[in-house]
Each structure stands twice: as C-alpha cells, then as structure tokens.
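With compact mmCIF, C-alpha atoms inside, this is protein-v4.txt:
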# COMPACT_ATOMS: atom_id res chain seq x y z
CA MET G 807 0.00 0.00 0.00
CA ILE G 808 2.65 2.53 1.08
CA GLU G 809 4.76 1.72 -1.98
CA PHE G 810 1.82 2.21 -4.29
CA VAL G 811 0.94 5.57 -2.73
CA ASN G 812 4.57 6.68 -2.97
CA PHE G 813 4.68 5.60 -6.58
CA ILE G 814 1.52 7.56 -7.45
CA SER G 815 2.69 10.71 -5.70
CA ASN G 816 6.12 10.53 -7.31
CA LEU G 817 4.48 10.06 -10.67
CA ALA G 818 2.20 13.11 -10.51
CA MET G 819 4.65 15.91 -11.28
CA PRO G 820 6.73 14.22 -14.03
CA MET G 821 3.53 13.03 -15.73
CA ILE G 822 2.03 16.53 -15.84
CA ILE G 823 5.18 18.06 -17.34
CA LEU G 824 5.55 15.21 -19.84
CA LEU G 825 1.90 15.39 -20.86
CA ILE G 826 1.98 19.16 -21.42
CA VAL G 827 5.21 19.04 -23.46
CA ILE G 828 3.94 16.17 -25.63
CA TYR G 829 0.61 17.94 -26.14
CA GLY G 830 2.44 21.08 -27.20
CA LEU G 831 4.45 19.11 -29.74
CA ILE G 832 1.36 17.37 -31.14
CA GLU G 833 -0.28 20.73 -31.68
CA LYS G 834 2.94 21.96 -33.35
CA LYS G 835 3.67 24.75 -30.86
CA GLU G 836 7.14 26.25 -30.27
CA VAL G 837 7.35 24.51 -26.93
CA PHE G 838 10.69 25.87 -25.72
CA ASP G 839 9.94 29.48 -26.70
CA LYS G 840 6.66 29.30 -24.82
CA PHE G 841 8.45 27.84 -21.80
CA ILE G 842 11.02 30.66 -21.70
CA GLU G 843 8.33 33.28 -22.18
CA GLY G 844 6.45 31.96 -19.16
CA ALA G 845 9.53 31.40 -17.00
CA LYS G 846 10.48 35.07 -17.42
CA ASP G 847 7.23 36.08 -15.70
CA GLY G 848 8.26 33.89 -12.77
CA ILE G 849 11.19 36.16 -11.90
CA LYS G 850 8.86 39.13 -11.48
CA ILE G 851 6.67 37.18 -9.06
CA VAL G 852 9.61 36.23 -6.82
CA ILE G 853 10.96 39.80 -6.73
CA ASN G 854 7.52 41.05 -5.69
CA ILE G 855 7.19 38.64 -2.78
CA PHE G 856 10.79 38.65 -1.48
CA PRO G 857 10.47 41.69 0.86
CA THR G 858 7.31 40.18 2.36
CA LEU G 859 9.15 36.95 3.06
CA VAL G 860 11.96 38.76 4.90
CA GLY G 861 9.50 40.67 7.08
CA LEU G 862 7.32 37.68 7.78
CA PHE G 863 10.17 35.32 8.60
CA LEU G 864 11.66 37.88 10.97
CA ALA G 865 8.39 38.25 12.87
CA VAL G 866 7.60 34.53 13.04
CA GLY G 867 11.19 33.42 13.75
CA THR G 868 11.62 35.77 16.68
CA LEU G 869 8.15 34.97 18.00
CA ARG G 870 9.10 31.31 18.13
CA SER G 871 12.51 31.74 19.72
CA SER G 872 11.31 34.23 22.35
CA GLY G 873 9.41 31.53 24.24
CA ILE G 874 6.26 33.63 24.42
CA ILE G 875 4.17 30.82 22.92
CA ASP G 876 4.73 28.63 26.00
CA ILE G 877 3.42 31.47 28.15
CA ILE G 878 0.33 31.87 25.98
CA ILE G 879 -0.38 28.14 26.23
CA LYS G 880 0.01 28.16 30.02
CA PHE G 881 -2.40 31.07 30.11
CA ILE G 882 -5.19 29.42 28.09
CA ASP G 883 -4.74 25.90 29.46
CA PRO G 884 -7.76 26.05 31.83
CA LEU G 885 -9.93 27.12 28.92
CA LEU G 886 -8.72 24.18 26.82
CA LYS G 887 -9.55 21.75 29.61
CA LEU G 888 -13.03 23.22 29.71
CA ILE G 889 -13.76 22.37 26.06
CA ASN G 890 -11.86 19.07 26.27
CA PHE G 891 -9.18 20.19 23.77
CA PRO G 892 -5.96 18.13 24.07
CA SER G 893 -3.37 20.64 25.34
CA GLU G 894 -0.50 18.62 23.79
CA ILE G 895 -1.80 19.72 20.38
CA MET G 896 -2.10 23.42 21.23
CA PRO G 897 1.44 24.56 20.24
CA LEU G 898 0.87 22.99 16.84
CA ALA G 899 -2.57 24.59 16.49
CA ILE G 900 -1.13 28.03 17.27
CA LEU G 901 1.93 27.78 15.01
CA ARG G 902 0.34 25.93 12.09
CA PRO G 903 -1.28 29.01 10.46
CA ILE G 904 1.83 31.19 10.81
CA SER G 905 4.85 29.00 10.09
CA GLY G 906 5.26 25.97 7.85
CA SER G 907 8.74 24.86 8.88
CA SER G 908 8.20 25.22 12.62
CA SER G 909 4.85 23.43 12.52
CA ILE G 910 6.50 20.49 10.75
CA ALA G 911 9.17 20.46 13.47
CA ILE G 912 6.57 20.55 16.25
CA ALA G 913 4.38 17.88 14.63
CA THR G 914 7.38 15.57 14.19
CA ASP G 915 8.26 16.17 17.82
CA ILE G 916 4.74 15.30 18.99
CA MET G 917 4.74 12.12 16.88
CA LYS G 918 8.11 11.09 18.35
CA ASN G 919 7.16 11.82 21.97
CA PHE G 920 3.67 10.34 22.03
CA GLY G 921 4.26 7.59 19.46
CA VAL G 922 3.55 7.98 15.78
CA ASP G 923 0.51 5.66 15.91
CA SER G 924 -0.90 7.02 19.18
CA GLN G 925 -4.05 9.13 19.21
CA ILE G 926 -2.14 12.39 19.82
CA GLY G 927 0.40 11.44 17.14
CA MET G 928 -2.40 10.80 14.65
CA MET G 929 -4.02 14.13 15.52
CA ALA G 930 -0.78 16.00 14.81
CA ALA G 931 -0.38 14.23 11.45
CA VAL G 932 -3.98 14.81 10.36
CA ILE G 933 -3.82 18.50 11.33
CA MET G 934 -0.63 18.87 9.27
CA GLY G 935 -2.21 17.16 6.27
CA ALA G 936 -5.50 19.03 6.46
CA THR G 937 -4.37 22.63 6.99
CA GLU G 938 -2.03 25.14 5.37
CA THR G 939 0.27 27.98 6.48
CA THR G 940 -2.56 30.49 6.24
CA LEU G 941 -0.82 33.73 7.19
CA TYR G 942 2.04 33.02 4.81
CA THR G 943 -0.32 32.19 1.95
CA ILE G 944 -2.33 35.39 2.47
CA ALA G 945 0.83 37.53 2.73
CA VAL G 946 2.47 36.04 -0.37
CA TYR G 947 -0.68 36.14 -2.51
CA SER G 948 -1.59 39.74 -1.65
CA SER G 949 1.94 41.11 -1.83
CA SER G 950 2.48 39.53 -5.25
CA VAL G 951 -0.07 42.06 -6.61
CA LYS G 952 0.99 44.78 -4.14
CA ILE G 953 -2.32 44.86 -2.28
CA LYS G 954 -2.44 45.99 1.36
CA LYS G 955 -6.19 46.02 2.02
CA THR G 956 -7.07 42.36 2.43
CA ARG G 957 -10.69 42.85 3.64
CA PHE G 958 -12.08 39.73 5.32
CA VAL G 959 -9.69 37.10 3.92
CA LEU G 960 -7.96 36.48 7.28
CA ILE G 961 -11.26 35.86 9.09
CA ALA G 962 -12.50 33.48 6.41
CA ALA G 963 -9.24 31.52 6.19
CA LEU G 964 -8.73 31.28 9.95
CA THR G 965 -12.31 30.08 10.49
CA ALA G 966 -11.63 27.34 7.96
CA ASP G 967 -8.40 26.45 9.80
CA ILE G 968 -10.12 26.23 13.17
CA VAL G 969 -12.80 23.95 11.73
CA GLY G 970 -10.09 21.84 10.05
CA ILE G 971 -8.16 21.44 13.32
CA LEU G 972 -11.27 20.65 15.39
CA THR G 973 -12.48 18.11 12.81
CA SER G 974 -9.05 16.43 12.83
CA ILE G 975 -9.22 16.04 16.60
CA VAL G 976 -12.77 14.70 16.58
CA ILE G 977 -12.04 12.17 13.79
CA CYS G 978 -8.94 10.83 15.52
CA ARG G 979 -10.89 10.42 18.77
CA PHE G 980 -13.63 8.64 16.86
CA LEU G 981 -11.26 6.27 15.04
CA SER G 982 -9.23 5.10 18.00
CA MET N 988 -3.75 43.19 7.72
CA LEU N 989 0.03 42.80 8.06
CA ASN N 990 0.31 46.45 9.09
CA LEU N 991 -1.42 45.33 12.26
CA VAL N 992 -0.21 41.74 12.71
CA TRP N 993 3.47 42.38 11.95
CA PRO N 994 4.17 45.07 14.60
CA ILE N 995 2.23 43.04 17.19
CA PHE N 996 4.44 40.01 16.54
CA ILE N 997 7.62 42.10 16.66
CA ILE N 998 6.69 44.01 19.83
CA ILE N 999 5.49 40.93 21.73
CA SER N 1000 8.43 38.70 20.89
CA PHE N 1001 11.19 41.34 21.14
CA SER N 1002 10.03 42.78 24.44
CA TYR N 1003 9.42 39.35 25.93
CA ALA N 1004 12.88 38.17 24.87
CA ILE N 1005 14.52 41.29 26.34
CA PHE N 1006 12.43 41.02 29.50
CA SER N 1007 13.31 37.35 30.06
CA GLY N 1008 17.01 37.84 29.27
CA ASN N 1009 16.85 35.74 26.15
CA LEU N 1010 18.92 38.23 24.09
CA GLN N 1011 21.46 35.80 22.67
CA ASN N 1012 18.68 33.69 21.22
CA LEU N 1013 16.88 36.71 19.84
CA ASN N 1014 19.96 37.94 17.99
CA THR N 1015 20.64 34.55 16.42
CA SER N 1016 17.05 34.13 15.32
CA ILE N 1017 16.96 37.59 13.69
CA PHE N 1018 19.80 36.61 11.37
CA ASP N 1019 18.52 33.06 10.90
CA SER N 1020 15.08 34.30 9.84
CA VAL N 1021 16.46 36.72 7.26
CA GLU N 1022 18.75 34.04 5.90
CA SER N 1023 15.95 31.49 5.56
CA ALA N 1024 13.88 34.08 3.67
CA VAL N 1025 16.73 34.35 1.15
CA ASN N 1026 17.09 30.56 0.91
CA LEU N 1027 13.39 30.06 0.36
CA SER N 1028 13.27 32.75 -2.32
CA ILE N 1029 16.14 31.18 -4.22
CA THR N 1030 14.46 27.77 -4.12
CA MET N 1031 11.18 29.40 -5.10
CA LEU N 1032 12.80 31.26 -7.97
CA GLY N 1033 13.54 27.89 -9.56
CA THR N 1034 10.15 26.26 -9.06
CA ILE N 1035 8.16 29.39 -9.86
CA CYS N 1036 10.01 29.91 -13.16
CA LEU N 1037 9.63 26.20 -13.98
CA TRP N 1038 5.87 26.15 -13.42
CA SER N 1039 5.25 29.54 -15.00
CA GLY N 1040 6.98 28.14 -18.08
CA ILE N 1041 5.03 24.88 -18.07
CA ILE N 1042 1.67 26.63 -17.58
CA ASN N 1043 2.53 28.93 -20.47
CA ILE N 1044 2.98 25.90 -22.76
CA ALA N 1045 -0.30 24.43 -21.47
CA ASN N 1046 -2.07 27.75 -22.02
CA HIS N 1047 -1.29 27.50 -25.72
CA THR N 1048 -2.65 23.97 -26.11
CA LYS N 1049 -6.06 22.34 -25.87
CA ILE N 1050 -5.14 20.47 -22.70
CA ILE N 1051 -6.17 23.46 -20.61
CA GLN N 1052 -9.59 23.51 -22.28
CA ILE N 1053 -10.16 19.89 -21.31
CA ILE N 1054 -9.30 20.60 -17.67
CA ASN N 1055 -11.44 23.73 -17.79
CA LYS N 1056 -14.44 21.86 -19.06
CA LEU N 1057 -14.15 19.39 -16.20
CA LEU N 1058 -13.88 22.12 -13.57
CA LYS N 1059 -16.33 24.55 -15.16
CA PRO N 1060 -19.27 23.94 -12.77
CA VAL N 1061 -17.01 24.35 -9.73
CA ILE N 1062 -15.38 27.53 -11.04
CA LYS N 1063 -18.73 28.99 -12.08
CA PHE N 1064 -20.03 28.53 -8.54
CA LEU N 1065 -16.91 29.76 -6.73
CA PHE N 1066 -15.89 32.59 -9.08
CA PRO N 1067 -19.07 34.05 -10.59
CA GLU N 1068 -17.31 37.34 -11.37
CA ILE N 1069 -14.80 36.00 -13.89
CA LYS N 1070 -17.32 34.49 -16.30
CA TYR N 1071 -15.68 36.22 -19.29
CA ASN N 1072 -12.04 36.01 -18.22
CA GLN N 1073 -10.76 32.83 -19.88
CA LYS N 1074 -7.14 33.38 -18.82
CA ALA N 1075 -8.03 33.68 -15.13
CA GLN N 1076 -10.21 30.58 -15.38
CA ASN N 1077 -7.33 28.62 -16.95
CA GLU N 1078 -4.89 29.61 -14.24
CA ILE N 1079 -7.33 28.95 -11.41
CA SER N 1080 -8.16 25.47 -12.74
CA MET N 1081 -4.46 24.61 -13.05
CA ASN N 1082 -3.94 25.87 -9.50
CA MET N 1083 -6.77 23.61 -8.29
CA VAL N 1084 -5.36 20.60 -10.13
CA ALA N 1085 -1.91 21.18 -8.60
CA ASN N 1086 -3.43 21.53 -5.11
CA ILE N 1087 -5.48 18.36 -5.40
CA LEU N 1088 -2.48 16.39 -6.67
CA GLY N 1089 -0.48 17.69 -3.71
CA LEU N 1090 2.03 19.60 -5.82
CA GLY N 1091 2.54 22.47 -3.40
CA ASN N 1092 5.57 23.63 -5.37
CA ALA N 1093 3.45 24.03 -8.48
CA ALA N 1094 0.27 25.31 -6.85
CA THR N 1095 1.82 28.53 -5.50
CA PRO N 1096 3.30 29.77 -8.81
CA LEU N 1097 0.05 28.96 -10.61
CA GLY N 1098 -1.99 30.70 -7.93
CA LEU N 1099 0.23 33.78 -8.08
CA LYS N 1100 -0.17 33.92 -11.86
CA ALA N 1101 -3.93 33.83 -11.36
CA MET N 1102 -3.65 36.70 -8.85
CA GLU N 1103 -1.80 38.77 -11.46
CA THR N 1104 -4.56 38.15 -14.02
CA LEU N 1105 -7.32 38.90 -11.50
CA GLN N 1106 -5.60 42.16 -10.51
CA LYS N 1107 -5.87 43.37 -14.13
CA GLU N 1108 -9.64 43.46 -13.94
CA ASN N 1109 -9.84 44.40 -10.26
CA LYS N 1110 -11.86 47.64 -9.95
CA ASN N 1111 -10.10 48.81 -6.81
CA LYS N 1112 -6.38 48.05 -7.22
CA ASN N 1113 -5.62 48.58 -3.50
CA GLU N 1114 -8.11 45.98 -2.31
CA LEU N 1115 -8.49 42.25 -2.82
CA SER N 1116 -11.43 41.50 -5.12
CA ASN N 1117 -14.04 38.87 -4.20
CA SER N 1118 -12.48 36.35 -6.61
CA MET N 1119 -9.02 36.94 -5.12
CA ILE N 1120 -10.31 36.27 -1.61
CA MET N 1121 -11.97 33.06 -2.76
CA LEU N 1122 -8.75 31.95 -4.48
CA ILE N 1123 -6.67 32.60 -1.34
CA VAL N 1124 -9.16 30.83 0.94
CA LEU N 1125 -9.21 27.81 -1.40
CA ASN N 1126 -5.42 27.69 -1.28
CA THR N 1127 -5.35 27.77 2.52
CA ALA N 1128 -7.89 24.94 2.77
CA SER N 1129 -7.46 22.80 -0.27
CA ILE N 1130 -8.26 19.14 -0.66
CA GLN N 1131 -5.19 17.03 -1.27
CA LEU N 1132 -5.51 13.47 -2.57
CA ILE N 1133 -2.26 12.25 -1.00
CA PRO N 1134 -0.66 14.28 1.81
CA THR N 1135 2.87 13.26 0.80
CA THR N 1136 5.04 15.20 3.25
CA ILE N 1137 3.29 13.98 6.34
CA ILE N 1138 3.15 10.36 5.09
CA ALA N 1139 6.91 10.54 4.53
CA ILE N 1140 7.46 11.80 8.09
CA ARG N 1141 5.22 9.05 9.49
CA SER N 1142 7.02 6.31 7.62
CA SER N 1143 10.41 7.71 8.70
CA LEU N 1144 9.20 7.36 12.30
CA ASN N 1145 8.37 3.67 11.66
CA SER N 1146 4.61 3.95 11.73
CA LYS N 1147 2.78 0.63 11.35
CA ASN N 1148 0.57 2.13 8.67
CA PRO N 1149 1.82 5.52 7.43
CA THR N 1150 -1.06 5.98 4.97
CA ALA N 1151 -3.74 5.52 7.65
CA ILE N 1152 -4.16 9.29 7.88
CA ILE N 1153 -5.30 9.76 4.27
CA PHE N 1154 -9.00 9.28 4.91
CA PRO N 1155 -9.15 11.43 8.09
CA VAL N 1156 -7.22 14.14 6.24
CA TRP N 1157 -9.80 14.11 3.43
CA ILE N 1158 -12.71 14.54 5.84
CA ALA N 1159 -10.96 17.30 7.81
CA THR N 1160 -10.00 19.23 4.65
CA ILE N 1161 -13.46 18.91 3.15
CA CYS N 1162 -14.96 20.33 6.35
CA ALA N 1163 -12.38 23.15 6.37
CA ALA N 1164 -12.93 23.92 2.67
CA ILE N 1165 -16.73 23.98 3.00
CA THR N 1166 -16.41 26.32 5.99
CA GLY N 1167 -13.99 28.60 4.15
CA ILE N 1168 -16.19 28.79 1.06
CA THR N 1169 -19.37 29.40 3.08
CA VAL N 1170 -17.83 32.13 5.24
CA THR N 1171 -16.34 33.84 2.16
CA LYS N 1172 -19.64 33.72 0.25
CA LEU N 1173 -21.54 35.08 3.27
CA LEU N 1174 -19.08 37.90 3.83
CA ILE N 1175 -19.18 38.83 0.13
CA LYS N 1176 -22.98 39.07 0.35
CA TYR N 1177 -22.75 41.10 3.55
CA SER N 1178 -20.21 43.57 2.11
CA LYS N 1179 -22.40 44.05 -0.99
CA LYS N 1180 -25.40 44.88 1.18
CA ARG N 1181 -23.40 47.39 3.15
CA GLU N 1182 -22.25 49.12 -0.03
CA LYS N 1183 -25.85 49.61 -1.17
CA ILE N 1184 -26.75 51.36 2.10

Represent the structure of the file as structure tokens.
Amino acid sequence: MIEFVNFISNLAMPMIILLIVIYGLIEKKEVFDKFIEGAKDGIKIVINIFPTLVGLFLAVGTLRSSGIIDIIIKFIDPLLKLINFPSEIMPLAILRPISGSSSIAIATDIMKNFGVDSQIGMMAAVIMGATETTLYTIAVYSSSVKIKKTRFVLIAALTADIVGILTSIVICRFLS
Amino acid sequence: MLNLVWPIFIIISFSYAIFSGNLQNLNTSIFDSVESAVNLSITMLGTICLWSGIINIANHTKIIQIINKLLKPVIKFLFPEIKYNQKAQNEISMNMVANILGLGNAATPLGLKAMETLQKENKNKNELSNSMIMLIVLNTASIQLIPTTIIAIRSSLNSKNPTAIIFPVWIATICAAITGITVTKLLIKYSKKREKI
C-alpha cells in the first residue's frame, strides 16, 4: 500500500510536465519558446514577494525563539480543559497558520514523543495534512499584486483552519 | 492586515525576549530568519520559473480547455465574477489541479499567476477582489488526494501504517474547505449589502 501511494505521488509531477510538453508538440507549438516566455514572468513574481518573506520570517522566527508561545499556552490551558481540547496539540494549532517549517518540526516532535501511531500522534499528522500555512499564503498572494487592504480574507481563512483542526481532533478520537 | 499583525508580533516577541534575558537567542534568530527568507526565495525562484513556463505551454494547447471543461461547474459557482475572463479561469483550474495532486511547489506559482490576471480586472487596485479572496481561501484549505510530506514523516518514524491518515485528512480538509467557502460567500454578500446602504 505505502509503496503504491509513494509511486503515485512521485508520478504526478513528471507526468504533468511530460503530458503538457507532448501535447504542445502534437499541436505543433514552439514549446521551448513558450516555456522561456512563461519562465520570465516567474522572476517578477519572486521579486515582488521577497520583501514580504523577509519581514514575515523575521516576525515569526523571533516569536518562536522568544518563548512567548509557551506562556500563551500556560495562560489558556484552563480554557482548553473546559472544552476538552488536548493541550498537547495546542502549540501545533497556534503555530500551524503562521509558520510551515516550525509546525512540521513541532508535529514531528509530537509524533516522536507520544508515538507515531498514538491518538495524539495521529491528531498531529492529520492536522498537518488538512491545513495550510494560512498567514504566509495570504501575505504572499496579496503582496504579489501589491495589495495591502485584504478585507475579510484572514477571518474566512482562519475560520476554515479552526474547523479543520477541530475536525481532525474529533475524527482521531472517533477512530481510535 | 500585516500592518497590524506584523508590529504586534515584533513588539510581543522582542520585548518578551529582552524582558526574560533571552537576548542571545533573539539575535541569532533575527539573522537566521532573514537568511531562511533568502534561501526560500532562491528555491522558489527555480520552481516558480519552472511552473510559470510549463503553464505557459499548457495555455497555448487544448489540454487546458479539457481541464477547464471538467472544472467549469465548480469555477462557475466559486468565481461568478470572472465568467468572461478565460485566462483567469485557466490559471485557477491549473492551481486547483496542482493543489489536489499535492504539488505544493506548483500550486503557489500557478496561484500567483492567477492573482496577477485577476488584478488586471480588479476595480479597486488597492483591495483584494471577491475572486481573489476566494482563491486565497481555497489555497489555505485545499483538498489534497495524497498528503505526501506527512506520510513521509510518518514512515520515517516507523509507523505501522503511514497511509492511515489519508481518509481522516480528506474529511478534515473537506470540512475546512466547505467552511472557508461558506464564510467567504456570506461575507461577500454582507459587504455588498453594506455598499448599497
């Protein structure tokens, strides 16, 4: 099973590229010229988002290393107990929307400490699979078109994240 | 949004680090963060150029029309405002395909291309349009057939059944996506009403 899944997921990207190139050839398009033309646009996109990345990484990196997140968790722990939310998962739930690399690190840590097949370990994995780095996505997408007024996108995306995280916890409880 | 969130993050973490005598750590992480931003951008430069090039080939062939036809009902429901913008529809459907296949590296460049196209017909250039918000929300809560990264981590930790999370992940993402879409649609309706008053 695992080998088959790995095979399929390794196949996806090469197949798409191959298919598109072959299709282009069949329709007698100048495939390489079109590729270069498109790739040039890519440079512009990266230049537009680079300053955002520096600012965002600075804020998130220092937030993580300052240790303030532990304090926040200690502070809201009674509340979590009230709604029966597993407090082991909370650091992951807080960091998941703001930082991709640190949430992977925390999730791996949880899986190691509690056992990869334990209920808490499963919760961490499902949360990682079901959610995205929301703040980063919003920042990169809006800054790529130089927009500062993002209206209600943060509220909508964070609500979706919260529902995703809560559903992950409920499913894992239900399954094991 | 970031004009508010960014200073809050900086003030909280800097003052807490100074207050708790964690200065050494703070200094290291300032330089580490900036460096990882550079590293990520260089990696991204490669993948973004690659996928912008590939999508440009696809855009000139019929393959994109086939994908479009398949996704038409979905796009019509989610993005009613781009009915006549074929280019935006193409890029959004490719972005969706990449997300579903779990090609995070490809999904971002394709999504950013779609943002560029949507900005061209955006009436207020300083504000996200309704379609842009929907696109971003979909990208933060997108259904992925095979969550590859996390399966790889699980199998590296010797899980008995690394792929056991696939089904729970589907359910959780579907719930998240439905919530995201509903909230966005409701807020779009609400903001329209407010404009009329």

task: Could you check how far CA of Pro897 in chain G sits from CA of Ser1028 in chain N, in Å to one decimal?
output: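 So the answer is 26.8 Å.
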
message: List the spatial neighbours of Lys835 in chain G as a PyMOL selection string - criterion: any atom at most 10 Å away, all atoms listed in the file, same-chain residues fewer than 4 positions off excluded.
response: (chain G and resi 827+829-831+839-840) or (chain N and resi 1044+1047-1048)

Nearest-residue call for Leu972 in chain G, choices N:Ile1050, N:Ala1163, N:Ala1094, N:Ile1005, using only C-alpha atoms: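 Among the listed residues, the smallest separation from Leu972 in chain G belongs to N:Ala1163.
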
- prompt: Pick the closest to chain N from G:Ser909, G:Thr937, G:Ser949, G:Thr858: which is it, counting all atoms listed in the file?
  reply: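 When distances to chain N are compared using all atoms listed in the file, the smallest one comes from G:Thr937.
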
Using only C-alpha atoms: which of N:Ser1129, N:Asn1077, N:Ser1000, N:Asn1092 has the shortest distance to chain G: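 The shortest atom-to-atom distance to chain G comes from N:Ser1000.
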
message: I'd like the interatomic distance between CA of Leu1010 in chain N and CA of Val992 in chain N, to a tenth of an Å.
response: 22.5 Å

message: Need to verify the contact set: range 952-955 of chain G, 6 Å, only C-alpha atoms, exclusion of same-chain residues closer than 2 positions in sequence. Can you return it as a PyMOL selection string?
response: (chain G and resi 948-950+957) or (chain N and resi 1113-1114)

task: Could you pull out every residue with an atom within 9 Å of (-0.7, 28.4, 3.0), file coordinates, counting all atoms listed in the file, and send them as an MDAnalysis selection string?
output: (chainID G and resid 903:904 906 937:944 946) or (chainID N and resid 1095 1123 1126:1128)

- prompt: Hey, can you check how far CA of Leu885 in chain G sits from CA of Ile1152 in chain N?
  reply: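 Taking CA of Leu885 in chain G and CA of Ile1152 in chain N, their separation equals 28.2 Å.
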
message: List the spatial neighbours of Ser1002 in chain N as JSON, numbers by chain - criterion: any atom at most 12 Å away, all atoms listed in the file, same-chain residues fewer than 4 positions off excluded.
response: {"G": [868, 869, 872, 873, 874], "N": [994, 995, 996, 997, 998, 1006, 1007, 1008, 1009, 1010, 1013]}

message: Taking (-6.7, 27.6, 22.9) as a centre in this file's frame and 10 Å as the limit, can you find every polymer residue with an atom that close, using all atoms listed in the file, and give them as a PyMOL selection string?
response: chain G and resi 878-887+889+891-893+895-897+899-900

- prompt: G:Leu862, G:Val922, G:Val959, G:Ala936: which is nearest Ile1153 in chain N, counting all atoms listed in the file?
  reply: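 Smallest distance to Ile1153 in chain N is found for G:Ala936.
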
task: Kindly indicate which residue among N:Ile1029, N:Ala1101, N:Val1021, N:Ile1053 lies nearest to chain G, using only C-alpha atoms for the distances.
output: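 The answer is N:Val1021, which sits nearest to chain G.
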